[in-house]
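Listing of coords-v1.txt, compact mmCIF, C-alpha atoms
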# COMPACT_ATOMS: atom_id res chain seq x y z
CA MET T 421 -18.66 -31.36 -7.48
CA LEU T 422 -16.80 -29.56 -4.71
CA PRO T 423 -18.71 -27.25 -2.38
CA LEU T 424 -18.49 -23.70 -3.73
CA SER T 425 -16.47 -22.42 -0.76
CA GLU T 426 -13.82 -25.08 -1.43
CA MET T 427 -13.67 -24.04 -5.07
CA ALA T 428 -13.14 -20.46 -3.93
CA ASP T 429 -10.41 -21.49 -1.52
CA ALA T 430 -8.62 -23.46 -4.26
CA VAL T 431 -8.57 -20.42 -6.56
CA LEU T 432 -7.21 -18.24 -3.76
CA ARG T 433 -4.38 -20.72 -3.14
CA THR T 434 -3.31 -20.89 -6.82
CA ALA T 435 -0.32 -18.62 -7.48
CA ASP T 436 0.19 -18.60 -11.27
CA ALA T 437 -2.06 -15.96 -12.86
CA ARG T 438 -3.07 -17.96 -15.93
CA GLU T 439 -3.63 -21.10 -13.83
CA LYS T 440 -5.67 -19.09 -11.31
CA THR T 441 -7.95 -17.66 -13.97
CA SER T 442 -8.28 -21.02 -15.75
CA LEU T 443 -9.33 -22.71 -12.50
CA SER T 444 -11.66 -19.82 -11.74
CA ARG T 445 -13.42 -20.12 -15.10
CA SER T 446 -13.65 -23.91 -14.83
CA PHE T 447 -15.23 -23.76 -11.38
CA ALA T 448 -17.59 -20.97 -12.48
CA ALA T 449 -18.73 -23.02 -15.48
CA GLU T 450 -19.36 -26.04 -13.25
CA TRP T 451 -21.40 -23.98 -10.79
CA GLN T 452 -23.37 -22.19 -13.51
CA ALA T 453 -24.16 -25.45 -15.32
CA ALA T 454 -25.57 -26.91 -12.12
CA ARG T 455 -27.65 -23.81 -11.46
CA THR T 456 -28.96 -23.75 -15.05
CA ALA T 457 -30.03 -27.37 -14.55
CA GLY T 458 -32.13 -26.24 -11.59
CA GLU T 459 -29.79 -27.59 -8.91
CA THR T 460 -28.76 -25.83 -5.70
CA PRO T 461 -25.22 -27.08 -5.11
CA GLU T 462 -23.63 -27.03 -1.67
CA VAL T 463 -21.94 -23.78 -0.68
CA GLY T 464 -20.19 -25.23 2.38
CA THR T 465 -17.71 -23.27 4.48
CA ALA T 466 -14.01 -22.52 4.11
CA SER T 467 -11.09 -20.93 5.92
CA PRO T 468 -9.45 -18.93 3.13
CA PRO T 469 -5.90 -17.59 3.41
CA ASP T 470 -5.40 -14.08 4.75
CA GLN T 471 -3.73 -13.23 1.43
CA PRO T 472 -4.16 -15.04 -1.88
CA ALA T 473 -1.27 -16.88 -3.51
CA ARG T 474 0.56 -14.65 -5.97
CA PRO T 475 3.07 -15.18 -8.79
CA ASP T 476 6.71 -14.22 -8.15
CA ALA T 477 6.30 -11.21 -10.45
CA PRO T 478 5.36 -8.38 -10.57
CA ASP T 479 7.27 -6.64 -7.80
CA LEU T 480 4.70 -5.03 -5.53
CA LEU T 481 5.51 -1.45 -4.52
CA ASP T 482 3.98 1.25 -2.38
CA PRO T 483 1.61 3.21 -4.65
CA ARG T 484 3.84 6.28 -4.34
CA ASP T 485 6.78 4.30 -5.72
CA VAL T 486 5.10 2.93 -8.86
CA PRO T 487 6.70 4.76 -11.84
CA ARG T 488 4.51 7.28 -13.67
CA ARG T 489 4.56 7.22 -17.47
CA LYS T 490 3.00 9.50 -20.10
CA PRO T 491 -0.30 7.80 -21.10
CA GLY T 492 0.02 8.66 -24.78
CA SER T 493 3.42 7.05 -25.27
CA PRO T 494 3.87 3.35 -26.13
CA ALA T 495 5.49 2.80 -22.71
CA GLY T 496 2.62 4.64 -21.06
CA ARG T 497 0.00 2.56 -22.85
CA LEU T 498 1.85 -0.59 -21.84
CA ALA T 499 1.88 0.58 -18.23
CA ILE T 500 -1.88 1.21 -18.33
CA LEU T 501 -2.57 -2.32 -19.57
CA HIS T 502 -0.26 -3.80 -16.96
CA ALA T 503 -2.00 -1.85 -14.20
CA VAL T 504 -5.43 -2.97 -15.42
CA ALA T 505 -4.25 -6.60 -15.60
CA HIS T 506 -3.07 -6.31 -11.99
CA ILE T 507 -6.41 -4.87 -10.91
CA GLU T 508 -8.33 -7.62 -12.70
CA LEU T 509 -6.24 -10.40 -11.15
CA ASN T 510 -6.87 -8.94 -7.71
CA ALA T 511 -10.57 -8.72 -8.55
CA VAL T 512 -10.63 -12.45 -9.32
CA ASP T 513 -9.37 -13.12 -5.80
CA LEU T 514 -11.61 -10.51 -4.22
CA HIS T 515 -14.75 -12.10 -5.68
CA TRP T 516 -13.78 -15.64 -4.74
CA ASP T 517 -12.75 -14.37 -1.31
CA ILE T 518 -16.18 -12.88 -0.60
CA ILE T 519 -17.63 -16.33 -1.34
CA ALA T 520 -15.15 -18.24 0.81
CA ARG T 521 -14.84 -15.76 3.67
CA PHE T 522 -18.55 -15.14 4.12
CA SER T 523 -19.80 -18.63 3.19
CA GLY T 524 -21.04 -19.05 6.75
CA THR T 525 -23.26 -15.96 6.54
CA PRO T 526 -26.86 -16.90 5.69
CA MET T 527 -27.46 -15.42 2.23
CA PRO T 528 -29.78 -16.29 -0.67
CA ILE T 529 -28.24 -18.54 -3.32
CA GLY T 530 -28.41 -15.61 -5.73
CA PHE T 531 -25.67 -13.89 -3.74
CA PHE T 532 -23.29 -16.71 -4.63
CA ASP T 533 -24.54 -16.82 -8.23
CA ASP T 534 -23.64 -13.16 -8.66
CA TRP T 535 -20.12 -13.39 -7.27
CA VAL T 536 -19.35 -16.54 -9.23
CA LYS T 537 -20.37 -14.68 -12.38
CA ALA T 538 -18.30 -11.67 -11.36
CA ALA T 539 -15.24 -13.84 -10.66
CA ASP T 540 -15.66 -15.55 -14.02
CA GLU T 541 -15.83 -12.20 -15.83
CA GLU T 542 -12.82 -10.81 -13.94
CA SER T 543 -10.89 -13.93 -15.00
CA LYS T 544 -11.83 -13.21 -18.60
CA HIS T 545 -10.78 -9.58 -18.14
CA PHE T 546 -7.35 -10.54 -16.82
CA ASN T 547 -6.80 -12.84 -19.77
CA LEU T 548 -7.84 -10.11 -22.21
CA MET T 549 -5.31 -7.74 -20.65
CA ALA T 550 -2.59 -10.40 -20.54
CA ASP T 551 -3.22 -11.12 -24.22
CA CYS T 552 -2.91 -7.41 -25.01
CA LEU T 553 0.38 -7.19 -23.12
CA GLU T 554 1.72 -10.16 -25.05
CA ALA T 555 0.61 -8.59 -28.34
CA MET T 556 2.78 -5.61 -27.38
CA GLY T 557 5.77 -7.87 -26.71
CA SER T 558 5.41 -7.82 -22.92
CA HIS T 559 3.66 -9.88 -20.23
CA TYR T 560 2.01 -9.57 -16.85
CA GLY T 561 4.78 -9.27 -14.27
CA ALA T 562 7.12 -7.27 -16.51
CA LEU T 563 6.43 -4.02 -14.61
CA PRO T 564 6.08 -3.25 -10.90
CA ALA T 565 2.55 -2.98 -9.55
CA HIS T 566 0.51 -1.47 -6.74
CA ALA T 567 0.97 -3.30 -3.39
CA GLY T 568 -2.18 -1.98 -1.74
CA MET T 569 -4.86 -3.81 -3.72
CA TRP T 570 -5.56 -6.40 -1.03
CA ARG T 571 -5.82 -3.90 1.82
CA ALA T 572 -9.56 -3.50 1.40
CA ALA T 573 -10.01 -7.26 1.78
CA GLU T 574 -7.90 -7.37 4.93
CA ASP T 575 -9.69 -4.39 6.47
CA THR T 576 -13.14 -5.90 5.82
CA ALA T 577 -12.33 -9.55 6.52
CA ASN T 578 -14.96 -9.68 9.28
CA ASP T 579 -17.53 -7.26 7.86
CA LEU T 580 -19.59 -8.30 4.85
CA MET T 581 -21.35 -4.95 4.55
CA GLY T 582 -18.00 -3.19 4.74
CA ARG T 583 -16.64 -5.45 2.02
CA LEU T 584 -19.58 -4.68 -0.27
CA ALA T 585 -19.31 -0.95 0.39
CA VAL T 586 -15.58 -0.66 -0.26
CA VAL T 587 -14.83 -3.22 -2.98
CA PRO T 588 -17.64 -3.13 -5.55
CA MET T 589 -19.27 0.16 -4.53
CA VAL T 590 -16.05 2.22 -4.24
CA LEU T 591 -13.11 0.47 -5.89
CA GLU T 592 -14.96 -1.06 -8.84
CA ALA T 593 -17.11 2.04 -9.24
CA ARG T 594 -13.84 3.94 -9.70
CA GLY T 595 -13.22 1.79 -12.74
CA LEU T 596 -16.42 3.14 -14.29
CA ASP T 597 -15.02 6.65 -13.85
CA VAL T 598 -11.57 6.11 -15.40
CA THR T 599 -12.06 3.47 -18.11
CA PRO T 600 -13.57 5.82 -20.74
CA SER T 601 -10.41 7.97 -20.67
CA MET T 602 -8.24 4.85 -21.01
CA ILE T 603 -10.26 3.76 -24.05
CA ALA T 604 -9.80 7.22 -25.56
CA THR T 605 -6.03 7.02 -25.02
CA PHE T 606 -5.80 3.79 -27.00
CA GLU T 607 -8.23 4.97 -29.69
CA LYS T 608 -5.79 7.79 -30.52
CA ALA T 609 -3.17 5.21 -31.59
CA LYS T 610 -5.18 4.41 -34.74
CA ASP T 611 -2.31 2.81 -36.65
CA ASP T 612 -1.37 0.45 -33.84
CA ALA T 613 -3.07 -2.97 -34.09
CA ALA T 614 -2.20 -3.86 -30.49
CA ALA T 615 -3.76 -0.60 -29.29
CA GLN T 616 -6.97 -1.38 -31.15
CA GLN T 617 -6.99 -4.84 -29.56
CA ALA T 618 -6.76 -3.04 -26.21
CA VAL T 619 -9.71 -0.79 -27.14
CA ALA T 620 -11.90 -3.83 -27.79
CA ALA T 621 -10.80 -5.48 -24.52
CA LEU T 622 -11.34 -2.35 -22.44
CA LYS T 623 -14.84 -1.91 -23.89
CA VAL T 624 -15.73 -5.45 -22.74
CA ILE T 625 -14.39 -4.69 -19.27
CA TYR T 626 -16.23 -1.37 -19.10
CA ALA T 627 -19.58 -2.96 -19.98
CA GLU T 628 -19.25 -5.85 -17.54
CA GLU T 629 -17.89 -3.91 -14.58
CA VAL T 630 -21.25 -2.15 -14.30
CA HIS T 631 -22.74 -5.52 -13.28
CA HIS T 632 -20.19 -6.00 -10.51
CA VAL T 633 -20.91 -2.60 -8.99
CA ALA T 634 -24.62 -3.42 -9.27
CA TYR T 635 -24.14 -6.71 -7.42
CA GLY T 636 -22.46 -4.82 -4.61
CA SER T 637 -25.26 -2.27 -4.42
CA LYS T 638 -27.97 -4.95 -4.59
CA TRP T 639 -26.58 -7.05 -1.74
CA PHE T 640 -25.62 -4.03 0.34
CA HIS T 641 -29.21 -2.82 0.18
CA PHE T 642 -30.43 -6.35 0.94
CA LEU T 643 -28.39 -6.45 4.13
CA CYS T 644 -29.49 -2.94 5.11
CA GLY T 645 -33.07 -4.13 4.78
CA ARG T 646 -32.31 -7.23 6.82
CA HIS T 647 -30.88 -5.08 9.62
CA ASP T 648 -33.39 -2.22 9.19
CA ILE T 649 -30.75 0.46 8.67
CA ASP T 650 -30.55 3.40 6.27
CA PRO T 651 -28.39 2.38 3.26
CA LYS T 652 -26.96 5.83 2.56
CA GLU T 653 -25.94 6.48 6.16
CA ALA T 654 -24.51 2.97 6.50
CA PHE T 655 -22.53 3.38 3.27
CA HIS T 656 -21.05 6.69 4.40
CA ASP T 657 -20.10 5.25 7.81
CA LEU T 658 -18.48 2.13 6.35
CA VAL T 659 -16.54 3.94 3.63
CA ARG T 660 -15.19 6.44 6.16
CA ARG T 661 -14.20 3.54 8.40
CA TYR T 662 -12.54 1.29 5.83
CA PHE T 663 -11.55 3.36 2.80
CA HIS T 664 -8.31 5.28 3.15
CA GLY T 665 -8.82 8.73 1.66
CA ALA T 666 -11.59 10.65 -0.07
CA LEU T 667 -13.34 9.54 -3.26
CA LYS T 668 -11.96 11.23 -6.37
CA PRO T 669 -14.18 13.05 -8.85
CA PRO T 670 -15.02 13.35 -11.69
CA PHE T 671 -17.61 10.62 -11.34
CA ASN T 672 -19.31 8.74 -14.16
CA GLU T 673 -22.77 9.54 -12.87
CA GLU T 674 -24.60 7.79 -15.72
CA LYS T 675 -22.87 4.43 -15.26
CA ARG T 676 -22.95 4.70 -11.47
CA ALA T 677 -26.72 5.27 -11.63
CA GLU T 678 -27.05 2.29 -13.95
CA ALA T 679 -25.29 0.24 -11.27
CA GLY T 680 -27.58 1.50 -8.50
CA LEU T 681 -25.31 4.19 -7.02
CA PRO T 682 -27.09 7.57 -6.72
CA PRO T 683 -25.00 10.76 -6.37
CA ASP T 684 -25.94 11.32 -2.72
CA PHE T 685 -24.06 8.12 -1.88
CA TYR T 686 -20.67 9.21 -3.18
CA TRP T 687 -20.54 13.01 -3.53
CA PRO T 688 -20.55 13.61 0.26
CA LEU T 689 -17.40 11.43 0.42
CA ALA T 690 -15.57 13.28 -2.35
CA GLY T 691 -12.31 15.12 -1.78
Structure rendered as structure tokens:
Amino acid sequence: MLPLSEMADAVLRTADAREKTSLSRSFAAEWQAARTAGETPEVGTASPPDQPARPDAPDLLDPRDVPRRKPGSPAGRLAILHAVAHIELNAVDLHWDIIARFSGTPMPIGFFDDWVKAADEESKHFNLMADCLEAMGSHYGALPAHAGMWRAAEDTANDLMGRLAVVPMVLEARGLDVTPSMIATFEKAKDDAAAQQAVAALKVIYAEEVHHVAYGSKWFHFLCGRHDIDPKEAFHDLVRRYFHGALKPPFNEEKRAEAGLPPDFYWPLAG
């Protein structure tokens, strides 16, 4: 069995999306089987790439240049699924990257357990979205996508607390805010079998993303305790330092609370 950091590095260096997620799920299963058996496998250390390997498509554009489509139209629904697939693929890399990039930071083994599980679930989420696209006669890579997804990883490459604050506690928490409206958009297309497939997939993603935000909050608070600093003040400072722009309401306060994010963490950062 490879050290976990080497597994993470291998996923990051795999370009094809389906191959990346297959390797991710295989490594996660191997790690989880060992942990279930009571073993503590080697984490090791790695030197991950600055940017993960990516497929040739989609074309990556500045966010301002990504075409806008009406959500209720078939083309708009297709664009939503493509955007979610792109987010999920980036999330696979983000979760393996936190393992590889911070493998030298002394952390409890549970930290690595959580991010392996998150990476495994994000891999499943990408495949669900890719399957939905194919059911609609399309595929991942058929539309242009957002080029800025990896910026948070680059900005926090040397700051574990910053990474936890910005990726799970801001970016993934945003998914809790917007996914219910996406589900509602697809539910309106009642006579469309592919749309109903998308509803089922989005509901799985919505339920499991709560865990990923919770992992971020848990380990952020752990590190604040280790360094004897106030979590709320640290969160505000790090988000202002690394996140580009204000947080966007409305917020899903119920799901954010379920994930360990109280309103006084995010409302002061809202635009």
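Distance check against T:Lys623 using all atoms listed in the file: of T:Met556, T:Ala577, T:Met549, T:Ala428, the minimum falls on T:Met549.
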Once 3 Å is added on each side, what centre and edge lengths in Å to one decimal does the axis-aligned box around all listed atoms of stretch 433-437 of chain T have, as lines of an AutoDock Vina configuration file?
center_x = -2.1
center_y = -18.4
center_z = -8.0
size_x = 10.6
size_y = 10.9
size_z = 15.7
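Look at T:Val486: the protein and nucleic acid residues within 7 Å of it, using all atoms listed in the file and passing over chain neighbours fewer than 3 places away, are T:Leu481, T:Asp482, T:Pro483, T:Pro564, T:Ala565, T:His566.
Proximity ranking of T:Gly582, T:Gly458, T:Gly464, T:Gly680 relative to T:Asp429 places T:Gly464 first, based on all atoms listed in the file.
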Long-range neighbours of T:Glu678 as a VMD selection string, 12 Å cut-off, all atoms listed in the file, 2 positions minimum in chain: chain T and resid 593 596 627 to 635 637 to 638 672 to 676 680 to 683
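Proximity to T:Phe522 was assessed for T:Asp579, T:Glu462, T:Asp540, T:Asp534 counting only C-alpha atoms; the smallest distance is recorded for T:Asp579.
Restricting the calculation to all atoms listed in the file, the smallest distance between T:Leu553 and any of T:Pro423, T:Pro688, T:Pro670, T:Pro494 is found for T:Pro494.
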Neighbour residues at most 12 Å from (-6.9, 6.0, -29.2) (only C-alpha atoms) as an MDAnalysis selection string: chainID T and resid 491:494 497 600:620 622
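Separating atom CA of T:Val463 from atom CA of T:Leu424 is a distance of 4.6 Å.
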Non-local contacts of T:Ile519 (12 Å; only C-alpha atoms; under 6 positions in same chain excluded) as JSON, numbers by chain: {"T": [423, 424, 425, 426, 427, 428, 429, 430, 431, 432, 463, 464, 465, 466, 467, 468, 512, 513, 525, 526, 527, 529, 530, 531, 532, 533, 534, 535, 536, 537, 538, 539, 577, 580, 583, 584]}
Near-stretch 505-511 of chain T list (9 Å; all atoms listed in the file; drop same-chain fewer than 3 positions) as a ChimeraX atom specification: /T:437,440-441,472,478,500-502,514-516,538-539,542-550,553,560-561,565-566,569-570,587,592
For the selection you just gave me, I'd like the residues written to a file as a PDB file, keeping the file's coordinate frame, keeping C-alpha atoms.
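As a result, part00.pdb now contains:
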ATOM      1  CA  ALA T 437      -2.060 -15.960 -12.860  1.00  0.00           C
ATOM      2  CA  LYS T 440      -5.670 -19.090 -11.310  1.00  0.00           C
ATOM      3  CA  THR T 441      -7.950 -17.660 -13.970  1.00  0.00           C
ATOM      4  CA  PRO T 472      -4.160 -15.040  -1.880  1.00  0.00           C
ATOM      5  CA  PRO T 478       5.360  -8.380 -10.570  1.00  0.00           C
ATOM      6  CA  ILE T 500      -1.880   1.210 -18.330  1.00  0.00           C
ATOM      7  CA  LEU T 501      -2.570  -2.320 -19.570  1.00  0.00           C
ATOM      8  CA  HIS T 502      -0.260  -3.800 -16.960  1.00  0.00           C
ATOM      9  CA  LEU T 514     -11.610 -10.510  -4.220  1.00  0.00           C
ATOM     10  CA  HIS T 515     -14.750 -12.100  -5.680  1.00  0.00           C
ATOM     11  CA  TRP T 516     -13.780 -15.640  -4.740  1.00  0.00           C
ATOM     12  CA  ALA T 538     -18.300 -11.670 -11.360  1.00  0.00           C
ATOM     13  CA  ALA T 539     -15.240 -13.840 -10.660  1.00  0.00           C
ATOM     14  CA  GLU T 542     -12.820 -10.810 -13.940  1.00  0.00           C
ATOM     15  CA  SER T 543     -10.890 -13.930 -15.000  1.00  0.00           C
ATOM     16  CA  LYS T 544     -11.830 -13.210 -18.600  1.00  0.00           C
ATOM     17  CA  HIS T 545     -10.780  -9.580 -18.140  1.00  0.00           C
ATOM     18  CA  PHE T 546      -7.350 -10.540 -16.820  1.00  0.00           C
ATOM     19  CA  ASN T 547      -6.800 -12.840 -19.770  1.00  0.00           C
ATOM     20  CA  LEU T 548      -7.840 -10.110 -22.210  1.00  0.00           C
ATOM     21  CA  MET T 549      -5.310  -7.740 -20.650  1.00  0.00           C
ATOM     22  CA  ALA T 550      -2.590 -10.400 -20.540  1.00  0.00           C
ATOM     23  CA  LEU T 553       0.380  -7.190 -23.120  1.00  0.00           C
ATOM     24  CA  TYR T 560       2.010  -9.570 -16.850  1.00  0.00           C
ATOM     25  CA  GLY T 561       4.780  -9.270 -14.270  1.00  0.00           C
ATOM     26  CA  ALA T 565       2.550  -2.980  -9.550  1.00  0.00           C
ATOM     27  CA  HIS T 566       0.510  -1.470  -6.740  1.00  0.00           C
ATOM     28  CA  MET T 569      -4.860  -3.810  -3.720  1.00  0.00           C
ATOM     29  CA  TRP T 570      -5.560  -6.400  -1.030  1.00  0.00           C
ATOM     30  CA  VAL T 587     -14.830  -3.220  -2.980  1.00  0.00           C
ATOM     31  CA  GLU T 592     -14.960  -1.060  -8.840  1.00  0.00           C
TER      32      GLU T 592
END
Neighbours of point (-3.2, -16.1, -1.4) within 8 Å, using only C-alpha atoms, written as an mmCIF file with C-alpha atoms, in the frame of the given file:
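Just written: part38.cif:
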data_model
loop_
_atom_site.group_PDB
_atom_site.id
_atom_site.type_symbol
_atom_site.label_atom_id
_atom_site.label_comp_id
_atom_site.auth_asym_id
_atom_site.auth_seq_id
_atom_site.Cartn_x
_atom_site.Cartn_y
_atom_site.Cartn_z
ATOM 1 C CA LEU T 432 -7.210 -18.240 -3.760
ATOM 2 C CA ARG T 433 -4.380 -20.720 -3.140
ATOM 3 C CA THR T 434 -3.310 -20.890 -6.820
ATOM 4 C CA ALA T 435 -0.320 -18.620 -7.480
ATOM 5 C CA PRO T 469 -5.900 -17.590 3.410
ATOM 6 C CA ASP T 470 -5.400 -14.080 4.750
ATOM 7 C CA GLN T 471 -3.730 -13.230 1.430
ATOM 8 C CA PRO T 472 -4.160 -15.040 -1.880
ATOM 9 C CA ALA T 473 -1.270 -16.880 -3.510
ATOM 10 C CA ARG T 474 0.560 -14.650 -5.970
#
Option closest in space to T:Ala555, from T:Leu667, T:Leu658, T:Leu498, T:Leu480 [counting only C-alpha atoms]: T:Leu498
Could I see stretch 499-516 of chain T restored to N, CA and C atoms, set down as an mmCIF file, in the coordinates of the input?
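File rebuild-v8.cif, as written:
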data_model
loop_
_atom_site.group_PDB
_atom_site.id
_atom_site.type_symbol
_atom_site.label_atom_id
_atom_site.label_comp_id
_atom_site.auth_asym_id
_atom_site.auth_seq_id
_atom_site.Cartn_x
_atom_site.Cartn_y
_atom_site.Cartn_z
ATOM 1 N N ALA T 499 2.043 0.485 -19.679
ATOM 2 C CA ALA T 499 1.880 0.580 -18.230
ATOM 3 C C ALA T 499 0.415 0.562 -17.819
ATOM 4 N N ILE T 500 -0.438 1.214 -18.621
ATOM 5 C CA ILE T 500 -1.880 1.210 -18.330
ATOM 6 C C ILE T 500 -2.414 -0.219 -18.369
ATOM 7 N N LEU T 501 -2.077 -0.947 -19.429
ATOM 8 C CA LEU T 501 -2.570 -2.320 -19.570
ATOM 9 C C LEU T 501 -2.067 -3.200 -18.436
ATOM 10 N N HIS T 502 -0.817 -3.001 -18.048
ATOM 11 C CA HIS T 502 -0.260 -3.800 -16.960
ATOM 12 C C HIS T 502 -0.994 -3.506 -15.648
ATOM 13 N N ALA T 503 -1.280 -2.225 -15.413
ATOM 14 C CA ALA T 503 -2.000 -1.850 -14.200
ATOM 15 C C ALA T 503 -3.411 -2.433 -14.192
ATOM 16 N N VAL T 504 -4.078 -2.405 -15.348
ATOM 17 C CA VAL T 504 -5.430 -2.970 -15.420
ATOM 18 C C VAL T 504 -5.378 -4.487 -15.211
ATOM 19 N N ALA T 505 -4.394 -5.158 -15.807
ATOM 20 C CA ALA T 505 -4.250 -6.600 -15.600
ATOM 21 C C ALA T 505 -4.088 -6.907 -14.118
ATOM 22 N N HIS T 506 -3.298 -6.108 -13.426
ATOM 23 C CA HIS T 506 -3.070 -6.310 -11.990
ATOM 24 C C HIS T 506 -4.372 -6.126 -11.206
ATOM 25 N N ILE T 507 -5.128 -5.111 -11.565
ATOM 26 C CA ILE T 507 -6.410 -4.870 -10.910
ATOM 27 C C ILE T 507 -7.361 -6.045 -11.148
ATOM 28 N N GLU T 508 -7.407 -6.527 -12.373
ATOM 29 C CA GLU T 508 -8.330 -7.620 -12.700
ATOM 30 C C GLU T 508 -7.948 -8.907 -11.978
ATOM 31 N N LEU T 509 -6.653 -9.188 -11.873
ATOM 32 C CA LEU T 509 -6.240 -10.400 -11.150
ATOM 33 C C LEU T 509 -6.622 -10.303 -9.680
ATOM 34 N N ASN T 510 -6.434 -9.130 -9.088
ATOM 35 C CA ASN T 510 -6.870 -8.940 -7.710
ATOM 36 C C ASN T 510 -8.377 -9.075 -7.579
ATOM 37 N N ALA T 511 -9.108 -8.619 -8.591
ATOM 38 C CA ALA T 511 -10.570 -8.720 -8.550
ATOM 39 C C ALA T 511 -11.023 -10.176 -8.583
ATOM 40 N N VAL T 512 -10.306 -11.016 -9.329
ATOM 41 C CA VAL T 512 -10.630 -12.450 -9.320
ATOM 42 C C VAL T 512 -10.591 -12.968 -7.884
ATOM 43 N N ASP T 513 -9.507 -12.659 -7.186
ATOM 44 C CA ASP T 513 -9.370 -13.120 -5.800
ATOM 45 C C ASP T 513 -10.382 -12.469 -4.880
ATOM 46 N N LEU T 514 -10.647 -11.192 -5.080
ATOM 47 C CA LEU T 514 -11.610 -10.510 -4.220
ATOM 48 C C LEU T 514 -12.992 -11.149 -4.316
ATOM 49 N N HIS T 515 -13.402 -11.534 -5.524
ATOM 50 C CA HIS T 515 -14.750 -12.100 -5.680
ATOM 51 C C HIS T 515 -14.824 -13.533 -5.165
ATOM 52 N N TRP T 516 -13.763 -14.311 -5.350
ATOM 53 C CA TRP T 516 -13.780 -15.640 -4.740
ATOM 54 C C TRP T 516 -13.642 -15.539 -3.219
#
